[in-house]
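Comments concern the structure below.
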Amino acid sequence: MAGIVVGVDGSADAEEALRWAMAQARRQDSPLTVMLAWDPKHCPPAVSSVTATAGAEKAGAGTAGEHETEAAAYHVLQTAIGRAAKLSRPTAMVEKVERRDAAEALLDASAEAEMLVVGLHGANRKHRLLAGSVTDVCLHRARSTVVVVRAGHLRPTGPVVVGADGSAASVAALRVAAAQARSRETSLRVVHSWFPAAPLYPGAYAGLDVPTLEKSAQALLDDCVARAQVENTGLRVERVLVEDAAAPGLLRVSTDASLLVVGSRGHGGFAGLLLGSVSHQCVHHADCPVAVVRAAG
């Protein structure tokens, strides 16, 4: 698998995602595909606005047709690229506009890609509320790693943080996180959250062998690092145990991170769910971009 695909639609989150994807493509010298997909029922507002403006300039032009909308889509795409590429463009970049459902277009384009990058919230919020966002569909169905970016949450420096719980997806996430840390020349922070009991009453921990539980949590963390084979590769690896629920623990220790990496579904989830609650919470609440990794097979 090779290359990065990023979706744009004129929204602030999508433009931030484009900036992140461009920087990543330059960093790892990968080809980048920048895609804007539209269909008549759910056309991005930025495209509709350009189409309406172009139509108004033509006296008696009437309703814009497919050709005008496609031209407007290219304009929105190229404007976003121009704003994002102020410093430099990736070595190999392809610009694509497609007349089809945005999620389906991105999923097809990224089927053999290394990574799909999307903004958290797209421009068409009405459609998002009615039918589920493009980002949600991509998170649940993409075969590649999906990176979700929110406007105002890019951090060029800081460690790469990854959650480890012993699941196959978390070990795959650890390997992806290690590669990201190497490409950024930063440290890798491997985090395992353990939560022995909720302290609802005084003495709630009295019947628990907390030191033994903590020792078991440390052993699980060490085992994940060993299975992912990320040591002895020149990386500075920091192992962190957090006494908290998984999502709050990851969010707390990733406030200084340049990237948070999580498995698509860890231990404790229902087998039928492709995206677990922990990854879902991290995507929506982290202070940095979040990469969601699915285990092979």
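Chain identifiers are assigned as A, B, and so on, following the order in which chains appear in the structure tokens; residues are numbered from 1 within each chain, and ligands are numbered from 1 in order of appearance.
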Excluding Asp13 in chain A and any residue of its chain fewer than 4 positions from it, enumerate the residues within 8 Å of it, using only C-alpha atoms, and give them as an MDAnalysis selection string. chainID A and resid 17 118:122 149:151
For the selection just defined, write its residues with N, CA, C and O atoms to a file, as a compact mmCIF listing (two decimals), in the first residue's frame.
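Wrote it out as part17.txt, contents follow:
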```txt
# COMPACT_ATOMS: atom_id res chain seq x y z
N ALA A 17 -7.13 19.51 7.28
CA ALA A 17 -6.75 18.15 6.91
C ALA A 17 -5.83 18.16 5.69
O ALA A 17 -4.88 17.37 5.61
N VAL A 118 -9.10 13.10 6.54
CA VAL A 118 -10.37 13.83 6.43
C VAL A 118 -10.49 14.82 7.57
O VAL A 118 -9.89 14.65 8.63
N GLY A 119 -11.31 15.85 7.36
CA GLY A 119 -11.65 16.77 8.43
C GLY A 119 -12.74 16.16 9.29
O GLY A 119 -13.54 15.34 8.82
N LEU A 120 -12.79 16.56 10.55
CA LEU A 120 -13.79 15.98 11.44
C LEU A 120 -15.20 16.33 11.00
O LEU A 120 -16.08 15.47 10.91
N HIS A 121 -15.43 17.60 10.70
CA HIS A 121 -16.76 18.05 10.29
C HIS A 121 -16.70 18.60 8.87
O HIS A 121 -15.90 19.49 8.59
N GLY A 122 -17.54 18.09 8.01
CA GLY A 122 -17.62 18.59 6.65
C GLY A 122 -18.46 19.85 6.57
O GLY A 122 -19.00 20.33 7.57
N VAL A 149 -8.74 15.28 11.30
CA VAL A 149 -8.13 16.55 11.69
C VAL A 149 -9.22 17.57 11.98
O VAL A 149 -10.21 17.65 11.25
N ARG A 150 -9.02 18.36 13.03
CA ARG A 150 -9.93 19.46 13.35
C ARG A 150 -9.20 20.78 13.18
O ARG A 150 -8.03 20.90 13.51
N ALA A 151 -9.89 21.78 12.66
CA ALA A 151 -9.30 23.11 12.50
C ALA A 151 -8.84 23.65 13.85
O ALA A 151 -9.53 23.51 14.85
```
Spatial neighbours of Cys138 in chain A, 7 Å, only C-alpha atoms, chain gap at least 3 places, as a PDB file with all heavy atoms, in the first residue's frame:
```pdb
ATOM      1  N   ALA A 103     -18.304  10.020   0.433  1.00  0.00           N
ATOM      2  CA  ALA A 103     -17.730   8.907   1.197  1.00  0.00           C
ATOM      3  C   ALA A 103     -17.329   7.758   0.277  1.00  0.00           C
ATOM      4  O   ALA A 103     -16.236   7.186   0.414  1.00  0.00           O
ATOM      5  CB  ALA A 103     -18.726   8.421   2.247  1.00  0.00           C
ATOM      6  N   LEU A 107     -13.553   6.342  -0.207  1.00  0.00           N
ATOM      7  CA  LEU A 107     -13.272   4.938   0.116  1.00  0.00           C
ATOM      8  C   LEU A 107     -12.651   4.210  -1.072  1.00  0.00           C
ATOM      9  O   LEU A 107     -11.692   3.445  -0.922  1.00  0.00           O
ATOM     10  CB  LEU A 107     -14.553   4.231   0.557  1.00  0.00           C
ATOM     11  CG  LEU A 107     -15.097   4.646   1.930  1.00  0.00           C
ATOM     12  CD1 LEU A 107     -16.490   4.084   2.143  1.00  0.00           C
ATOM     13  CD2 LEU A 107     -14.157   4.193   3.048  1.00  0.00           C
ATOM     14  N   VAL A 134     -19.500  12.073   6.337  1.00  0.00           N
ATOM     15  CA  VAL A 134     -18.535  11.399   5.468  1.00  0.00           C
ATOM     16  C   VAL A 134     -17.418  10.804   6.314  1.00  0.00           C
ATOM     17  O   VAL A 134     -16.980   9.671   6.096  1.00  0.00           O
ATOM     18  CB  VAL A 134     -17.972  12.398   4.437  1.00  0.00           C
ATOM     19  CG1 VAL A 134     -16.797  11.793   3.673  1.00  0.00           C
ATOM     20  CG2 VAL A 134     -19.063  12.834   3.470  1.00  0.00           C
ATOM     21  N   THR A 135     -16.988  11.566   7.311  1.00  0.00           N
ATOM     22  CA  THR A 135     -15.923  11.083   8.189  1.00  0.00           C
ATOM     23  C   THR A 135     -16.329   9.820   8.930  1.00  0.00           C
ATOM     24  O   THR A 135     -15.559   8.853   9.026  1.00  0.00           O
ATOM     25  CB  THR A 135     -15.535  12.178   9.196  1.00  0.00           C
ATOM     26  OG1 THR A 135     -15.010  13.300   8.470  1.00  0.00           O
ATOM     27  CG2 THR A 135     -14.489  11.684  10.184  1.00  0.00           C
ATOM     28  N   ARG A 141     -15.580   2.180   7.490  1.00  0.00           N
ATOM     29  CA  ARG A 141     -15.458   1.294   6.334  1.00  0.00           C
ATOM     30  C   ARG A 141     -14.101   1.314   5.640  1.00  0.00           C
ATOM     31  O   ARG A 141     -13.816   0.426   4.825  1.00  0.00           O
ATOM     32  CB  ARG A 141     -16.551   1.638   5.319  1.00  0.00           C
ATOM     33  CG  ARG A 141     -17.960   1.328   5.810  1.00  0.00           C
ATOM     34  CD  ARG A 141     -19.008   1.787   4.809  1.00  0.00           C
ATOM     35  NE  ARG A 141     -18.734   1.310   3.454  1.00  0.00           N
ATOM     36  CZ  ARG A 141     -19.326   1.770   2.367  1.00  0.00           C
ATOM     37  NH1 ARG A 141     -20.253   2.716   2.477  1.00  0.00           N
ATOM     38  NH2 ARG A 141     -19.012   1.297   1.178  1.00  0.00           N
ATOM     39  N   ALA A 142     -13.257   2.287   5.925  1.00  0.00           N
ATOM     40  CA  ALA A 142     -11.973   2.373   5.212  1.00  0.00           C
ATOM     41  C   ALA A 142     -11.063   1.209   5.569  1.00  0.00           C
ATOM     42  O   ALA A 142     -11.023   0.758   6.710  1.00  0.00           O
ATOM     43  CB  ALA A 142     -11.285   3.692   5.526  1.00  0.00           C
TER      44      ALA A 142
END
```
What separation in Å, quoted to one decimal, exists between CA of Pro211 in chain A and CA of Val278 in chain A?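 Atom-to-atom, CA of Pro211 in chain A to CA of Val278 in chain A, that is 25.3 Å.
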May I have the residues within 9 Å of Val176 in chain A as a ChimeraX atom specification, using only C-alpha atoms and disregarding those fewer than 2 positions away in the same chain? /A:145,171-174,178-181,261,291,293
Would you mind listing what lies within 9 Å of range 2-11 of chain A as number ranges by chain, with only C-alpha atoms counted and same-chain residues fewer than 5 positions away left out? A: 16-18, 21-22, 24-25, 29-38, 43-47, 73, 76-77, 79-80, 102, 106, 109-110, 112-119, 121-124
Could the residues in this selection be written to a file with N, CA and C atoms, as a short mmCIF file (atom, residue, chain, number, x, y, z; two decimals), in the first residue's frame?
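This is the output file result-v8.cif:
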```cif
data_model
loop_
_atom_site.label_atom_id
_atom_site.label_comp_id
_atom_site.auth_asym_id
_atom_site.auth_seq_id
_atom_site.Cartn_x
_atom_site.Cartn_y
_atom_site.Cartn_z
N GLU A 16 -7.73 22.20 6.99
CA GLU A 16 -6.68 21.82 7.94
C GLU A 16 -6.19 20.40 7.65
N ALA A 17 -7.13 19.51 7.28
CA ALA A 17 -6.75 18.15 6.91
C ALA A 17 -5.83 18.16 5.69
N LEU A 18 -6.11 19.03 4.74
CA LEU A 18 -5.26 19.14 3.54
C LEU A 18 -3.86 19.60 3.91
N ALA A 21 -2.12 16.65 5.48
CA ALA A 21 -1.78 15.63 4.48
C ALA A 21 -0.61 16.06 3.61
N MET A 22 -0.57 17.33 3.23
CA MET A 22 0.55 17.82 2.43
C MET A 22 1.87 17.70 3.19
N GLN A 24 2.53 15.66 5.62
CA GLN A 24 2.85 14.24 5.77
C GLN A 24 3.40 13.66 4.47
N ALA A 25 2.82 14.03 3.34
CA ALA A 25 3.31 13.54 2.05
C ALA A 25 4.74 14.00 1.79
N ASP A 29 7.72 11.49 1.62
CA ASP A 29 7.92 11.43 0.17
C ASP A 29 6.94 10.47 -0.49
N SER A 30 5.64 10.68 -0.18
CA SER A 30 4.58 9.84 -0.73
C SER A 30 3.73 10.64 -1.71
N PRO A 31 3.16 9.98 -2.71
CA PRO A 31 2.22 10.67 -3.59
C PRO A 31 0.95 11.03 -2.83
N LEU A 32 0.36 12.16 -3.20
CA LEU A 32 -0.85 12.65 -2.53
C LEU A 32 -1.96 12.84 -3.55
N THR A 33 -3.13 12.30 -3.25
CA THR A 33 -4.32 12.53 -4.07
C THR A 33 -5.27 13.44 -3.29
N VAL A 34 -5.60 14.58 -3.87
CA VAL A 34 -6.51 15.54 -3.25
C VAL A 34 -7.84 15.43 -3.98
N MET A 35 -8.90 15.09 -3.26
CA MET A 35 -10.18 14.79 -3.89
C MET A 35 -11.30 15.65 -3.35
N LEU A 36 -12.14 16.14 -4.27
CA LEU A 36 -13.40 16.79 -3.92
C LEU A 36 -14.50 16.06 -4.69
N ALA A 37 -15.43 15.47 -3.96
CA ALA A 37 -16.54 14.76 -4.59
C ALA A 37 -17.84 15.49 -4.30
N TRP A 38 -18.72 15.52 -5.28
CA TRP A 38 -19.99 16.21 -5.11
C TRP A 38 -21.07 15.44 -5.85
N CYS A 43 -24.30 18.77 -2.57
CA CYS A 43 -23.15 19.52 -3.08
C CYS A 43 -22.58 20.39 -1.95
N PRO A 44 -21.26 20.39 -1.75
CA PRO A 44 -20.69 21.24 -0.70
C PRO A 44 -21.10 22.70 -0.89
N PRO A 45 -21.45 23.39 0.19
CA PRO A 45 -21.87 24.79 0.07
C PRO A 45 -20.86 25.67 -0.64
N ALA A 46 -19.57 25.42 -0.44
CA ALA A 46 -18.55 26.23 -1.11
C ALA A 46 -18.65 26.10 -2.62
N VAL A 47 -18.95 24.89 -3.10
CA VAL A 47 -19.12 24.67 -4.54
C VAL A 47 -20.40 25.33 -5.03
N ALA A 73 -16.36 23.14 -8.61
CA ALA A 73 -15.68 22.18 -7.73
C ALA A 73 -14.17 22.24 -7.92
N VAL A 76 -12.89 25.38 -6.18
CA VAL A 76 -12.80 25.21 -4.73
C VAL A 76 -11.59 24.35 -4.37
N LEU A 77 -11.39 23.27 -5.13
CA LEU A 77 -10.27 22.37 -4.89
C LEU A 77 -8.94 23.11 -5.04
N THR A 79 -8.33 26.32 -5.04
CA THR A 79 -8.19 27.39 -4.07
C THR A 79 -7.68 26.84 -2.74
N ALA A 80 -8.25 25.72 -2.32
CA ALA A 80 -7.81 25.09 -1.07
C ALA A 80 -6.35 24.66 -1.16
N ALA A 102 -19.54 11.52 -1.66
CA ALA A 102 -18.19 11.83 -1.20
C ALA A 102 -17.55 10.66 -0.46
N LEU A 106 -14.15 8.65 -1.67
CA LEU A 106 -12.94 8.59 -0.84
C LEU A 106 -12.57 7.16 -0.49
N ALA A 109 -11.01 5.63 -3.61
CA ALA A 109 -9.70 6.21 -3.92
C ALA A 109 -8.63 5.74 -2.95
N SER A 110 -9.04 5.44 -1.70
CA SER A 110 -8.07 5.06 -0.67
C SER A 110 -7.99 3.55 -0.45
N GLU A 112 -6.35 1.23 -1.81
CA GLU A 112 -4.98 0.70 -1.80
C GLU A 112 -4.00 1.71 -1.22
N ALA A 113 -4.50 2.75 -0.60
CA ALA A 113 -3.63 3.80 -0.06
C ALA A 113 -3.12 3.42 1.32
N GLU A 114 -2.09 4.09 1.73
CA GLU A 114 -1.56 3.90 3.08
C GLU A 114 -2.42 4.63 4.10
N MET A 115 -3.01 5.76 3.68
CA MET A 115 -3.66 6.63 4.64
C MET A 115 -4.74 7.46 3.96
N LEU A 116 -5.87 7.63 4.66
CA LEU A 116 -6.94 8.52 4.22
C LEU A 116 -7.06 9.62 5.27
N VAL A 117 -7.05 10.88 4.83
CA VAL A 117 -7.09 12.02 5.73
C VAL A 117 -8.37 12.80 5.48
N VAL A 118 -9.10 13.10 6.54
CA VAL A 118 -10.37 13.83 6.43
C VAL A 118 -10.49 14.82 7.57
N GLY A 119 -11.31 15.85 7.36
CA GLY A 119 -11.65 16.77 8.43
C GLY A 119 -12.74 16.16 9.29
N HIS A 121 -15.43 17.60 10.70
CA HIS A 121 -16.76 18.05 10.29
C HIS A 121 -16.70 18.60 8.87
N GLY A 122 -17.54 18.09 8.01
CA GLY A 122 -17.62 18.59 6.65
C GLY A 122 -18.46 19.85 6.57
N ALA A 123 -18.55 20.38 5.37
CA ALA A 123 -19.26 21.64 5.18
C ALA A 123 -20.78 21.47 5.22
N ASN A 124 -21.28 20.32 4.76
CA ASN A 124 -22.73 20.15 4.66
C ASN A 124 -23.27 19.51 5.94
#
```
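The space between CA of Ala228 in chain A and CA of Ser264 in chain A spans 16.4 Å.
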